[in-house]
Amino acid sequence: MKNMQSEPQPTTDPESKIGRTKFHLLWRGFWLAFLAGSLAYAWYCFYTPSTNSVAWAADYTEAKEQAVQSGKPMILFFTATWCVPCRIMKRTVWADEQVATEVNERFIPLMLYPDEPILAEVFSRYQVGATPTTIITDPQGNVLQWVQGKMEKEDFLNWLDKL
């Protein structure tokens, strides 16, 4: 005996195909826009200028010697290559000419990275457990002020003015 149930027939309704095509185009457009936005955000997070006008000291010993000789305080910027807030700060704060002028005139600046084994003692001395951390010390290396976390340019300049 033959089965009398009818099998569903594929729809050949042109309106149905147009609706699915529009849906697929919108979905594809959404994902392309999402991809473009994600790539732009990744570039924004990881881009840092290759140079800036801040006269960074080569190492902690040199910075301390320069500070003692000049009588200027040191500004220590604890950062990491993988740290996104650090990269944003390098781009928006440290690359700014006004900040560079202020820092070069009043401080001996030093950028410190945690992946350099030689600096483990410095990180331990200042009890730095997160990046970015910015510390202002007297010429002998005693802490005057410190801030943990990312700062905007205006906040950074105001912080320097409080010293």
# chains A, B, ... in the order shown; residues from 1 in each chain; ligands from 1
>>> select_by_dssp(residues="chain A", states="alpha helix (DSSP H)", output="PyMOL selection string")
chain A and resi 14-46+60-70+84-89+97-106+120-125+153-161
>>> residues_around(residues="A:Leu163", least_positions_apart="2", cutoff="9 Å", atoms="only C-alpha atoms", output="MDAnalysis selection string")
chainID A and resid 136 144:145 159:161
>>> closest_residue(among="A:Ala100, A:Ala36, A:Val93, A:Ile108", to="A:Ser53", atoms="only C-alpha atoms")
A:Ala100
>>> residues_around(residues="A:Met74", least_positions_apart="6", cutoff="8 Å", atoms="only C-alpha atoms", output="PyMOL selection string")
chain A and resi 63-64+67+107-110+136-139+141
>>> write_last_selection(atoms="C-alpha atoms", output="PDB file, in the first residue's frame")
ATOM      1  CA  ALA A  63      68.366  58.004  35.983  1.00  0.00           C
ATOM      2  CA  LYS A  64      69.256  58.073  39.682  1.00  0.00           C
ATOM      3  CA  ALA A  67      68.611  63.031  39.364  1.00  0.00           C
ATOM      4  CA  PHE A 107      62.036  65.518  35.874  1.00  0.00           C
ATOM      5  CA  ILE A 108      64.394  62.712  34.975  1.00  0.00           C
ATOM      6  CA  PRO A 109      62.014  60.282  33.207  1.00  0.00           C
ATOM      7  CA  LEU A 110      62.503  56.515  33.104  1.00  0.00           C
ATOM      8  CA  ILE A 136      57.497  60.486  41.203  1.00  0.00           C
ATOM      9  CA  THR A 137      60.508  60.162  43.479  1.00  0.00           C
ATOM     10  CA  ASP A 138      63.008  62.577  44.960  1.00  0.00           C
ATOM     11  CA  PRO A 139      66.575  62.383  43.583  1.00  0.00           C
ATOM     12  CA  GLY A 141      64.567  57.471  44.958  1.00  0.00           C
TER      13      GLY A 141
END
>>> closest_residue(among="A:Leu157, A:Ala58, A:Ala120, A:Met111", to="A:Lys90", atoms="only C-alpha atoms")
A:Met111
>>> closest_residue(among="A:Trp56, A:Phe78, A:Thr92, A:Leu35", to="A:Ser124", atoms="only C-alpha atoms")
A:Phe78
>>> residues_around(residues="stretch 80-88 of chain A", least_positions_apart="3", cutoff="10 Å", atoms="only C-alpha atoms", output="mmCIF file with C-alpha atoms, in the first residue's frame")
data_model
loop_
_atom_site.group_PDB
_atom_site.id
_atom_site.type_symbol
_atom_site.label_atom_id
_atom_site.label_comp_id
_atom_site.auth_asym_id
_atom_site.auth_seq_id
_atom_site.Cartn_x
_atom_site.Cartn_y
_atom_site.Cartn_z
ATOM 1 C CA ALA A 42 42.553 46.450 17.939
ATOM 2 C CA TYR A 44 43.588 51.727 18.355
ATOM 3 C CA CYS A 45 44.558 49.656 21.400
ATOM 4 C CA PHE A 46 47.952 48.511 20.189
ATOM 5 C CA TYR A 47 49.208 51.456 18.127
ATOM 6 C CA THR A 48 51.891 53.547 19.781
ATOM 7 C CA PRO A 49 54.107 56.115 18.111
ATOM 8 C CA PHE A 77 56.652 54.931 34.326
ATOM 9 C CA ARG A 91 50.033 57.525 22.596
ATOM 10 C CA THR A 92 47.843 60.118 24.313
ATOM 11 C CA VAL A 93 50.052 61.335 27.176
ATOM 12 C CA TRP A 94 53.744 60.637 26.612
ATOM 13 C CA MET A 111 60.322 53.844 31.483
ATOM 14 C CA LEU A 112 60.504 50.430 33.195
ATOM 15 C CA TYR A 113 59.302 47.051 31.863
ATOM 16 C CA PRO A 114 58.555 44.046 34.140
ATOM 17 C CA ASP A 115 59.974 41.509 31.683
ATOM 18 C CA ALA A 130 50.217 46.368 38.039
ATOM 19 C CA THR A 131 50.849 48.477 34.993
ATOM 20 C CA PRO A 132 50.622 51.313 34.212
ATOM 21 C CA THR A 133 52.003 52.780 37.403
ATOM 22 C CA GLY A 149 46.280 53.044 36.283
ATOM 23 C CA LYS A 150 45.822 54.950 33.066
ATOM 24 C CA MET A 151 45.601 58.738 33.106
ATOM 25 C CA GLU A 152 44.446 61.175 30.478
#
>>> atom_distance(atom1="atom CA of A:Gly129", atom2="atom CA of A:Ile75")
17.3 Å
>>> closest_residue(among="A:Val99, A:Leu76, A:Leu25, A:Val143", to="A:Asp155", atoms="only C-alpha atoms")
A:Val99
>>> closest_residue(among="A:Val54, A:Glu62, A:Thr79, A:Lys153", to="A:Ile135", atoms="only C-alpha atoms")
A:Thr79
>>> atom_distance(atom1="atom CA of A:Phe123", atom2="atom CA of A:Glu65")
18.4 Å
